[in-house]
$ cat run.txt   # compact mmCIF, C-alpha atoms and all ligand atoms
# COMPACT_ATOMS: atom_id res chain seq x y z
CA MET K 1 -38.82 -21.40 -31.68
CA ALA K 2 -37.39 -18.03 -32.79
CA VAL K 3 -36.29 -15.62 -30.08
CA ARG K 4 -34.90 -12.28 -31.18
CA LEU K 5 -33.90 -9.42 -28.88
CA TYR K 6 -33.67 -5.95 -30.36
CA TRP K 7 -31.29 -4.06 -28.15
CA MET K 8 -28.63 -1.40 -27.79
CA ALA K 9 -25.53 -2.41 -25.84
CA ILE K 10 -25.40 0.90 -23.98
CA SER K 11 -29.07 0.68 -22.97
CA HIS K 12 -29.39 -0.56 -19.39
CA PRO K 13 -32.89 -2.09 -19.74
CA SER K 14 -31.55 -3.84 -22.86
CA GLN K 15 -28.70 -5.28 -20.80
CA ALA K 16 -31.26 -6.42 -18.21
CA ALA K 17 -33.36 -8.18 -20.88
CA ARG K 18 -30.30 -9.87 -22.37
CA LYS K 19 -29.30 -11.15 -18.95
CA MET K 20 -32.83 -12.51 -18.41
CA LEU K 21 -32.50 -14.59 -21.57
CA GLU K 22 -29.06 -15.78 -20.52
CA CYS K 23 -30.40 -16.78 -17.09
CA LYS K 24 -33.11 -18.81 -18.82
CA ASP K 25 -30.42 -20.46 -20.96
CA VAL K 26 -32.47 -19.77 -24.05
CA GLU K 27 -30.95 -19.54 -27.51
CA PHE K 28 -31.61 -16.12 -28.94
CA GLU K 29 -30.50 -13.77 -31.64
CA LEU K 30 -29.36 -10.25 -30.79
CA VAL K 31 -30.25 -7.46 -33.20
CA ASP K 32 -28.28 -4.24 -32.71
CA VAL K 33 -30.39 -1.12 -32.96
CA LEU K 34 -28.41 2.03 -33.66
CA PRO K 35 -28.83 4.71 -30.97
CA LEU K 36 -31.30 7.40 -32.12
CA SER K 37 -32.72 5.07 -34.79
CA GLN K 38 -34.92 3.01 -32.47
CA ARG K 39 -38.16 4.96 -32.98
CA VAL K 40 -38.00 4.13 -36.71
CA HIS K 41 -36.17 0.79 -36.72
CA LEU K 42 -38.53 -0.92 -34.26
CA ARG K 43 -41.67 0.23 -36.04
CA LEU K 44 -40.28 -0.98 -39.35
CA VAL K 45 -40.00 -4.48 -37.85
CA GLY K 46 -43.54 -4.42 -36.48
CA PHE K 47 -43.31 -3.11 -32.91
CA ARG K 48 -45.82 -0.54 -31.74
CA GLY K 49 -43.39 1.47 -29.63
CA GLY K 50 -39.97 2.90 -30.37
CA THR K 51 -37.92 1.76 -27.37
CA VAL K 52 -35.42 -1.01 -26.73
CA PRO K 53 -35.43 -3.67 -25.37
CA ALA K 54 -37.95 -5.27 -27.71
CA LEU K 55 -38.46 -9.01 -27.99
CA LYS K 56 -39.81 -11.17 -30.79
CA LEU K 57 -40.90 -14.55 -29.49
CA ASP K 58 -42.27 -16.54 -32.43
CA ASP K 59 -45.05 -14.23 -33.66
CA ARG K 60 -45.34 -12.32 -30.42
CA ARG K 61 -43.82 -8.86 -29.98
CA VAL K 62 -43.07 -7.65 -26.48
CA GLN K 63 -41.58 -4.32 -25.44
CA GLY K 64 -40.35 -3.07 -22.09
CA SER K 65 -37.99 -4.80 -19.68
CA ARG K 66 -40.72 -5.56 -17.14
CA GLN K 67 -43.08 -7.04 -19.72
CA ILE K 68 -40.23 -9.11 -21.15
CA ALA K 69 -39.47 -10.54 -17.69
CA ARG K 70 -43.07 -11.69 -17.33
CA VAL K 71 -43.30 -13.25 -20.77
CA LEU K 72 -40.02 -15.12 -20.27
CA ASP K 73 -41.14 -16.48 -16.90
CA GLU K 74 -44.41 -17.60 -18.42
CA ARG K 75 -42.65 -19.43 -21.25
CA TRP K 76 -39.63 -20.78 -19.32
CA PRO K 77 -40.56 -20.98 -15.62
CA ASP K 78 -37.12 -22.21 -14.46
CA PRO K 79 -35.09 -20.62 -13.07
CA PRO K 80 -37.80 -18.13 -12.06
CA LEU K 81 -37.29 -14.39 -12.39
CA PHE K 82 -39.99 -13.90 -9.75
CA PRO K 83 -40.16 -15.78 -6.44
CA ARG K 84 -43.18 -17.98 -5.90
CA ASP K 85 -44.08 -17.27 -2.28
CA PRO K 86 -46.49 -14.32 -2.16
CA GLU K 87 -44.60 -12.19 0.34
CA SER K 88 -41.27 -12.32 -1.49
CA LEU K 89 -43.08 -11.89 -4.80
CA ALA K 90 -44.70 -8.66 -3.61
CA ARG K 91 -41.32 -7.29 -2.46
CA VAL K 92 -39.58 -8.18 -5.72
CA GLN K 93 -42.39 -6.72 -7.83
CA GLU K 94 -42.28 -3.48 -5.85
CA ALA K 95 -38.49 -3.28 -6.15
CA GLU K 96 -38.75 -3.92 -9.88
CA ARG K 97 -41.40 -1.22 -10.30
CA TRP K 98 -39.28 1.24 -8.32
CA GLY K 99 -36.25 0.29 -10.38
CA GLU K 100 -38.00 0.97 -13.64
CA GLU K 101 -39.89 4.10 -12.66
CA GLN K 102 -37.49 5.85 -10.28
CA LEU K 103 -33.95 4.64 -10.96
CA GLN K 104 -33.88 3.66 -14.63
CA PRO K 105 -34.64 7.20 -15.90
CA VAL K 106 -31.69 8.73 -14.00
CA PRO K 107 -28.68 7.47 -16.02
CA ARG K 108 -30.62 7.77 -19.28
CA ARG K 109 -31.54 11.37 -18.56
CA ILE K 110 -28.00 12.31 -17.51
CA ALA K 111 -26.56 10.65 -20.64
CA ARG K 112 -29.07 12.42 -22.86
CA PHE K 113 -28.36 15.75 -21.22
CA GLY K 114 -24.64 15.21 -21.81
CA ALA K 115 -25.16 14.19 -25.43
CA ALA K 116 -27.42 17.15 -26.11
CA HIS K 117 -25.02 19.70 -24.63
CA ASP K 118 -21.55 18.31 -25.23
CA VAL K 119 -20.20 17.39 -28.65
CA GLU K 120 -17.50 15.26 -27.00
CA ILE K 121 -20.16 12.94 -25.61
CA ARG K 122 -21.73 12.64 -29.06
CA ARG K 123 -18.29 11.94 -30.54
CA TRP K 124 -17.70 9.27 -27.90
CA GLY K 125 -21.07 7.72 -28.78
CA ALA K 126 -20.47 7.79 -32.53
CA ARG K 127 -16.99 6.30 -32.20
CA GLY K 128 -18.28 3.63 -29.84
CA GLN K 129 -20.74 2.61 -32.56
CA ARG K 130 -17.86 2.62 -35.08
CA LEU K 131 -19.89 4.93 -37.28
CA PRO K 132 -18.21 6.19 -40.42
CA ALA K 133 -17.47 9.93 -40.20
CA ALA K 134 -18.01 9.87 -36.43
CA ASP K 135 -16.84 13.48 -36.05
CA THR K 136 -19.36 14.73 -38.58
CA VAL K 137 -22.13 12.66 -37.03
CA ALA K 138 -21.22 14.14 -33.63
CA ARG K 139 -21.38 17.68 -34.98
CA LEU K 140 -24.66 17.24 -36.84
CA SER K 141 -26.64 15.02 -34.48
CA GLY K 142 -27.23 17.63 -31.74
CA PRO K 143 -30.84 18.45 -32.76
CA LEU K 144 -31.84 14.76 -32.98
CA VAL K 145 -30.25 14.04 -29.60
CA SER K 146 -32.10 17.03 -28.13
CA LEU K 147 -35.36 15.60 -29.45
CA TYR K 148 -34.77 12.39 -27.47
CA GLY K 149 -33.81 14.54 -24.48
CA ARG K 150 -37.29 16.05 -24.52
CA THR K 151 -38.81 12.64 -23.72
CA THR K 152 -40.77 12.70 -20.47
CA GLU K 153 -39.55 9.81 -18.36
CA ALA K 154 -41.63 7.57 -16.07
CA ASP K 155 -40.85 9.89 -13.15
CA GLY K 156 -42.30 12.85 -15.05
CA ARG K 157 -38.99 14.64 -15.75
CA ARG K 158 -37.05 15.46 -18.91
CA ALA K 159 -33.35 16.00 -19.52
CA THR K 160 -33.21 19.61 -18.31
CA GLU K 161 -30.56 21.22 -16.13
CA ALA K 162 -33.00 21.36 -13.20
CA ALA K 163 -33.81 17.65 -13.58
CA ILE K 164 -30.13 16.66 -13.74
CA ARG K 165 -29.33 18.71 -10.64
CA ALA K 166 -32.28 17.03 -8.88
CA ASP K 167 -31.03 13.60 -10.03
CA LEU K 168 -27.58 14.27 -8.59
CA ALA K 169 -29.04 15.45 -5.30
CA ALA K 170 -31.24 12.33 -5.15
CA LEU K 171 -28.50 9.85 -6.09
CA PRO K 172 -27.19 9.18 -2.55
CA ALA K 173 -30.68 8.21 -1.34
CA LEU K 174 -31.36 6.10 -4.46
CA LEU K 175 -28.11 4.14 -4.06
CA ALA K 176 -28.65 3.73 -0.31
CA HIS K 177 -32.04 2.19 -1.12
CA VAL K 178 -30.41 -0.24 -3.57
CA ASP K 179 -27.80 -1.20 -0.94
CA ALA K 180 -30.60 -1.83 1.58
CA MET K 181 -32.51 -4.05 -0.88
CA LEU K 182 -29.35 -6.06 -1.51
CA ALA K 183 -28.71 -6.41 2.20
CA ASP K 184 -32.23 -7.65 2.97
CA GLY K 185 -32.19 -10.13 0.07
CA THR K 186 -34.90 -8.48 -2.03
CA LEU K 187 -32.33 -8.19 -4.82
CA ALA K 188 -31.17 -11.80 -4.90
CA LEU K 189 -27.90 -12.53 -6.69
CA SER K 190 -27.78 -16.25 -7.33
CA PRO K 191 -29.72 -16.47 -9.40
CA PRO K 192 -30.66 -12.83 -9.96
CA ASN K 193 -34.38 -12.04 -9.97
CA ALA K 194 -36.21 -9.57 -12.22
CA ALA K 195 -35.77 -6.71 -9.73
CA THR K 196 -32.05 -7.42 -9.38
CA LEU K 197 -31.56 -7.14 -13.13
CA GLN K 198 -33.80 -4.10 -13.42
CA VAL K 199 -32.06 -2.20 -10.62
CA LEU K 200 -28.43 -3.29 -11.02
CA SER K 201 -28.38 -2.57 -14.75
CA SER K 202 -29.05 1.07 -13.86
CA VAL K 203 -26.38 1.07 -11.15
CA ARG K 204 -23.92 -0.42 -13.65
CA LEU K 205 -24.55 2.36 -16.15
CA LEU K 206 -24.30 5.06 -13.45
CA ASP K 207 -20.97 3.58 -12.38
CA SER K 208 -19.65 3.91 -15.93
CA PHE K 209 -19.95 7.70 -15.98
CA ALA K 210 -16.49 9.16 -15.32
CA ASP K 211 -18.21 11.95 -13.38
CA LEU K 212 -20.03 9.55 -11.06
CA HIS K 213 -17.72 6.57 -10.78
CA ASP K 214 -15.80 7.71 -7.67
CA TYR K 215 -19.02 8.23 -5.79
CA VAL K 216 -21.07 5.28 -7.09
CA SER K 217 -18.23 2.82 -6.52
CA THR K 218 -18.27 3.51 -2.77
CA HIS K 219 -21.62 1.67 -2.61
CA ALA K 220 -21.95 -2.09 -2.18
CA CYS K 221 -24.38 -2.19 -5.08
CA ALA K 222 -21.66 -1.03 -7.51
CA GLN K 223 -19.64 -4.23 -6.99
CA ALA K 224 -22.80 -6.35 -7.21
CA ALA K 225 -23.69 -4.60 -10.48
CA ARG K 226 -20.21 -5.30 -11.87
CA ASP K 227 -20.55 -8.96 -10.90
CA VAL K 228 -23.92 -9.32 -12.63
CA PHE K 229 -22.96 -7.21 -15.68
CA PRO K 230 -19.20 -7.76 -16.01
CA ARG K 231 -18.89 -6.44 -19.56
CA TYR K 232 -20.78 -3.19 -19.84
CA PRO K 233 -19.61 -1.42 -22.97
CA ALA K 234 -19.82 2.15 -21.72
CA SER K 235 -17.46 4.58 -20.10
CA LEU K 236 -18.81 8.07 -20.47
CA PRO K 237 -16.22 10.87 -20.36
CA HIS K 238 -16.53 13.79 -17.93
CA PHE K 239 -19.13 16.38 -18.86
CA LEU K 240 -20.92 17.41 -15.66
CA PRO K 241 -19.88 20.69 -14.02
CA SER K 242 -18.08 20.03 -10.75
CA GLU K 243 -20.38 22.47 -8.97
CA TRP K 244 -23.36 20.17 -9.78
CA LEU K 245 -21.45 17.15 -8.53
CA ARG K 246 -20.87 18.88 -5.21
CA THR K 247 -24.66 18.78 -4.65
CA MET K 248 -24.42 15.00 -4.74
CA ILE K 249 -21.53 14.88 -2.30
CA VAL K 250 -23.31 17.29 0.07
CA ALA K 251 -26.53 15.23 -0.11
CA SER K 252 -24.53 12.10 0.75
CA GLY K 253 -23.79 13.71 4.14
N1 LIG J 1 -39.02 1.52 -19.22
C1 LIG J 1 -38.68 0.98 -20.51
C2 LIG J 1 -37.80 2.03 -21.13
C3 LIG J 1 -37.22 1.73 -22.43
C4 LIG J 1 -36.42 2.93 -22.95
O1 LIG J 1 -36.75 4.10 -22.73
N2 LIG J 1 -35.37 2.59 -23.71
C5 LIG J 1 -34.54 3.63 -24.28
C6 LIG J 1 -33.12 3.16 -24.34
S1 LIG J 1 -32.48 2.93 -22.71
C7 LIG J 1 -35.08 3.92 -25.66
O2 LIG J 1 -35.06 3.07 -26.52
N3 LIG J 1 -35.60 5.13 -25.85
C8 LIG J 1 -36.16 5.57 -27.09
C9 LIG J 1 -37.16 6.65 -26.93
O3 LIG J 1 -37.22 7.28 -25.86
O4 LIG J 1 -37.91 6.88 -27.87
C10 LIG J 1 -38.04 -0.40 -20.35
O5 LIG J 1 -37.70 -0.77 -19.23
O6 LIG J 1 -37.93 -1.13 -21.33
$ encode --input "run.txt" --output "structure tokens" --more "lines below"
Ligand SMILES: N[C@@H](CCC(=O)N[C@@H](CS)C(=O)NCC(=O)O)C(=O)O
Amino acid sequence: MAVRLYWMAISHPSQAARKMLECKDVEFELVDVLPLSQRVHLRLVGFRGGTVPALKLDDRRVQGSRQIARVLDERWPDPPLFPRDPESLARVQEAERWGEEQLQPVPRRIARFGAAHDVEIRRWGARGQRLPAADTVARLSGPLVSLYGRTTEADGRRATEAAIRADLAALPALLAHVDAMLADGTLALSPPNAATLQVLSSVRLLDSFADLHDYVSTHACAQAARDVFPRYPASLPHFLPSEWLRTMIVASG
């Protein structure tokens, strides 16, 4: 059986999908997709959409972290990514849906906003990928990055200043919700369920923004995210204006 995961290390749903495969103890091959190349790369290898994570399982092609969780559970039922009793299952599915639609877009949008507006973030990204001529790539890639920033996310927003300010104001409530789902056991940790991986991969990426770390790390979910994803290869330099960050602190009460 051939299992191949197309992923980007910085992509939080990609990290979630990788962890799902590891939890299943399945042998798989990782294929690195270069950031900003995914819309082309994935179509060249037969996927319909242009987003990572993307999974090839024999002849089957599956895209999207939630779809991947379902296909993996179907093929390798143990350990399950979804609980079997109906009440817990409904809670985990709802948490997973919330995680994908409401939380997952936030770090991606903030990162895209930073990359579109700050050459230092693009330089950081290009160096992280060990690209040749990283400085030139950083200078010239602004328009392509902006194109990705115009993507409408599942919550209906794009990477605009207004959306980023709204994300920062919403962050305290989002993280409080994650803490509550950890406390009531919806986000199980041993083993992690599909909602745990969906939600904590986003928390882990948020925690790796220099601008957000001090705030995110005060939440219980930040430590849980570090435990589940100990090696997250991102550490985004400061780029958010401090005045915007104050909105987040004020909203946290
Ligand atoms: N909700 C999808 C989102 C996938 C997604 O947007 N992935 C990003 C990287 S984190 C991507 O590849 N974006 C490319 C694009 O927007 O065209 C999932 O959970 O798999």
$ residues_near_point --input "run.txt" --point "(-29.4, -14.0, -30.6)" --cutoff "9 Å" --atoms "all atoms listed in the file" --output "list in words"
Val3, Arg4, Leu5, Glu27, Phe28, Glu29, Leu30 and Val31 of chain K
$ residues_near_ligand --input "run.txt" --ligand "ligand LIG 1 (chain J)" --cutoff "7 Å" --atoms "all atoms listed in the file" --output "PyMOL selection string"
chain K and resi 11-14+38-39+50-53+63-66+100+108+148+151
$ axis_aligned_box --input "run.txt" --around "segment 245-251 of chain K" --padding-each-side "3 Å" --output "AutoDock Vina command-line options"
--center_x -23.7 --center_y 16.9 --center_z -4.2 --size_x 11.7 --size_y 10.0 --size_z 14.6
$ closest_residue --input "run.txt" --among "K:Leu175, K:Val203, K:Ile68, K:Ala170" --to "Thr247 of chain K" --atoms "only C-alpha atoms"
K:Ala170
$ closest_residue --input "run.txt" --among "K:Arg246, K:Lys24, K:His219, K:Arg70" --to "Leu168 of chain K" --atoms "all atoms listed in the file"
K:Arg246
$ residues_near_point --input "run.txt" --point "(-31.3, 9.8, -18.1)" --cutoff "9 Å" --atoms "all atoms listed in the file" --output "MDAnalysis selection string"
chainID K and resid 104:113 149 153 158:159 164 167
$ atom_distance --input "run.txt" --atom1 "atom CA of Gly125 of chain K" --atom2 "atom CA of Pro237 of chain K"
10.2 Å
$ residues_around --input "run.txt" --residues "Leu236 of chain K" --least-positions-apart "3" --cutoff "9 Å" --atoms "all atoms listed in the file" --output "mmCIF file with C-alpha atoms, in the frame of the given file"
data_model
loop_
_atom_site.group_PDB
_atom_site.id
_atom_site.type_symbol
_atom_site.label_atom_id
_atom_site.label_comp_id
_atom_site.auth_asym_id
_atom_site.auth_seq_id
_atom_site.Cartn_x
_atom_site.Cartn_y
_atom_site.Cartn_z
ATOM 1 C CA ALA K 111 -26.560 10.650 -20.640
ATOM 2 C CA ILE K 121 -20.160 12.940 -25.610
ATOM 3 C CA TRP K 124 -17.700 9.270 -27.900
ATOM 4 C CA GLY K 125 -21.070 7.720 -28.780
ATOM 5 C CA SER K 208 -19.650 3.910 -15.930
ATOM 6 C CA PHE K 209 -19.950 7.700 -15.980
ATOM 7 C CA ALA K 210 -16.490 9.160 -15.320
ATOM 8 C CA ASP K 211 -18.210 11.950 -13.380
ATOM 9 C CA PHE K 239 -19.130 16.380 -18.860
#
$ decode --input "run.txt" --residues "segment 8-128 of chain K" --atoms "C-alpha atoms" --output "short mmCIF file (atom, residue, chain, number, x, y, z; two decimals), in the first residue's frame"
data_model
loop_
_atom_site.label_atom_id
_atom_site.label_comp_id
_atom_site.auth_asym_id
_atom_site.auth_seq_id
_atom_site.Cartn_x
_atom_site.Cartn_y
_atom_site.Cartn_z
CA MET K 8 4.21 22.05 3.88
CA ALA K 9 5.93 21.98 7.27
CA ILE K 10 4.68 25.45 8.17
CA SER K 11 1.08 24.58 7.27
CA HIS K 12 -0.91 23.77 10.41
CA PRO K 13 -3.51 21.49 8.74
CA SER K 14 -0.54 19.69 7.15
CA GLN K 15 0.96 19.17 10.60
CA ALA K 16 -2.41 17.85 11.78
CA ALA K 17 -2.59 15.35 8.89
CA ARG K 18 0.98 14.18 9.50
CA LYS K 19 0.20 13.59 13.16
CA MET K 20 -2.91 11.58 12.19
CA LEU K 21 -0.74 9.24 10.14
CA GLU K 22 1.77 8.96 12.96
CA CYS K 23 -1.03 8.14 15.43
CA LYS K 24 -2.18 5.37 13.09
CA ASP K 25 1.40 4.08 12.96
CA VAL K 26 1.20 3.91 9.19
CA GLU K 27 4.26 4.02 6.97
CA PHE K 28 4.04 7.01 4.69
CA GLU K 29 6.10 9.18 2.43
CA LEU K 30 6.20 12.95 2.94
CA VAL K 31 6.38 15.15 -0.15
CA ASP K 32 7.41 18.75 0.52
CA VAL K 33 5.38 21.29 -1.40
CA LEU K 34 7.04 24.67 -1.71
CA PRO K 35 4.97 27.52 -0.24
CA LEU K 36 3.16 29.44 -3.01
CA SER K 37 3.63 26.55 -5.44
CA GLN K 38 0.80 24.38 -4.11
CA ARG K 39 -1.90 25.50 -6.56
CA VAL K 40 0.28 24.26 -9.44
CA HIS K 41 2.22 21.42 -7.82
CA LEU K 42 -0.84 19.56 -6.53
CA ARG K 43 -2.72 19.78 -9.81
CA LEU K 44 0.33 18.48 -11.67
CA VAL K 45 0.20 15.34 -9.50
CA GLY K 46 -3.51 14.82 -10.08
CA PHE K 47 -5.33 16.58 -7.25
CA ARG K 48 -8.37 18.68 -8.05
CA GLY K 49 -7.66 21.42 -5.52
CA GLY K 50 -4.55 23.45 -4.79
CA THR K 51 -4.24 23.16 -1.00
CA VAL K 52 -2.13 21.11 1.37
CA PRO K 53 -2.53 18.70 3.09
CA ALA K 54 -3.25 16.31 0.24
CA LEU K 55 -3.09 12.55 0.58
CA LYS K 56 -2.52 9.81 -1.97
CA LEU K 57 -3.72 6.47 -0.67
CA ASP K 58 -3.10 3.87 -3.39
CA ASP K 59 -5.09 5.35 -6.28
CA ARG K 60 -7.25 7.56 -4.11
CA ARG K 61 -6.60 11.28 -3.76
CA VAL K 62 -7.94 13.06 -0.70
CA GLN K 63 -7.61 16.74 0.17
CA GLY K 64 -8.47 18.63 3.32
CA SER K 65 -7.52 17.78 6.89
CA ARG K 66 -11.07 16.78 7.87
CA GLN K 67 -11.54 14.52 4.86
CA ILE K 68 -8.14 12.94 5.50
CA ALA K 69 -9.12 12.16 9.11
CA ARG K 70 -12.22 10.31 7.91
CA VAL K 71 -10.44 8.31 5.24
CA LEU K 72 -7.70 7.27 7.67
CA ASP K 73 -10.24 6.15 10.27
CA GLU K 74 -12.08 4.16 7.63
CA ARG K 75 -8.90 2.41 6.50
CA TRP K 76 -7.20 2.00 9.91
CA PRO K 77 -9.88 2.08 12.61
CA ASP K 78 -7.44 1.78 15.55
CA PRO K 79 -6.64 3.93 17.37
CA PRO K 80 -9.75 5.88 16.35
CA LEU K 81 -9.59 9.57 15.50
CA PHE K 82 -13.30 9.80 16.30
CA PRO K 83 -14.95 8.37 19.42
CA ARG K 84 -17.52 5.66 18.88
CA ASP K 85 -20.25 6.61 21.34
CA PRO K 86 -22.70 8.96 19.62
CA GLU K 87 -22.66 11.75 22.19
CA SER K 88 -18.87 12.11 22.29
CA LEU K 89 -18.74 11.71 18.52
CA ALA K 90 -21.10 14.65 18.02
CA ARG K 91 -19.01 16.84 20.35
CA VAL K 92 -15.74 15.94 18.64
CA GLN K 93 -17.18 16.49 15.17
CA GLU K 94 -18.51 19.89 16.18
CA ALA K 95 -15.17 20.86 17.74
CA GLU K 96 -13.37 19.72 14.60
CA ARG K 97 -15.72 21.71 12.36
CA TRP K 98 -15.25 24.80 14.53
CA GLY K 99 -11.51 24.26 14.48
CA GLU K 100 -11.37 24.13 10.72
CA GLU K 101 -13.85 26.88 9.94
CA GLN K 102 -13.26 29.40 12.74
CA LEU K 103 -9.77 28.90 14.17
CA GLN K 104 -7.68 27.49 11.32
CA PRO K 105 -8.09 30.60 9.09
CA VAL K 106 -6.77 32.96 11.80
CA PRO K 107 -3.03 32.13 11.85
CA ARG K 108 -2.99 31.59 8.08
CA ARG K 109 -4.58 34.96 7.44
CA ILE K 110 -2.25 36.77 9.86
CA ALA K 111 0.80 35.07 8.29
CA ARG K 112 -0.38 35.96 4.80
CA PHE K 113 -1.03 39.55 5.79
CA GLY K 114 2.49 39.75 7.24
CA ALA K 115 4.06 38.19 4.15
CA ALA K 116 2.15 40.49 1.82
CA HIS K 117 3.10 43.66 3.69
CA ASP K 118 6.51 42.99 5.18
CA VAL K 119 9.54 41.94 3.16
CA GLU K 120 11.22 40.68 6.34
CA ILE K 121 8.52 38.03 6.72
CA ARG K 122 9.03 36.96 3.11
CA ARG K 123 12.79 36.84 3.70
CA TRP K 124 12.23 34.72 6.80
CA GLY K 125 10.03 32.38 4.75
CA ALA K 126 12.48 32.10 1.85
CA ARG K 127 15.43 31.45 4.16
CA GLY K 128 13.42 28.88 6.11
#
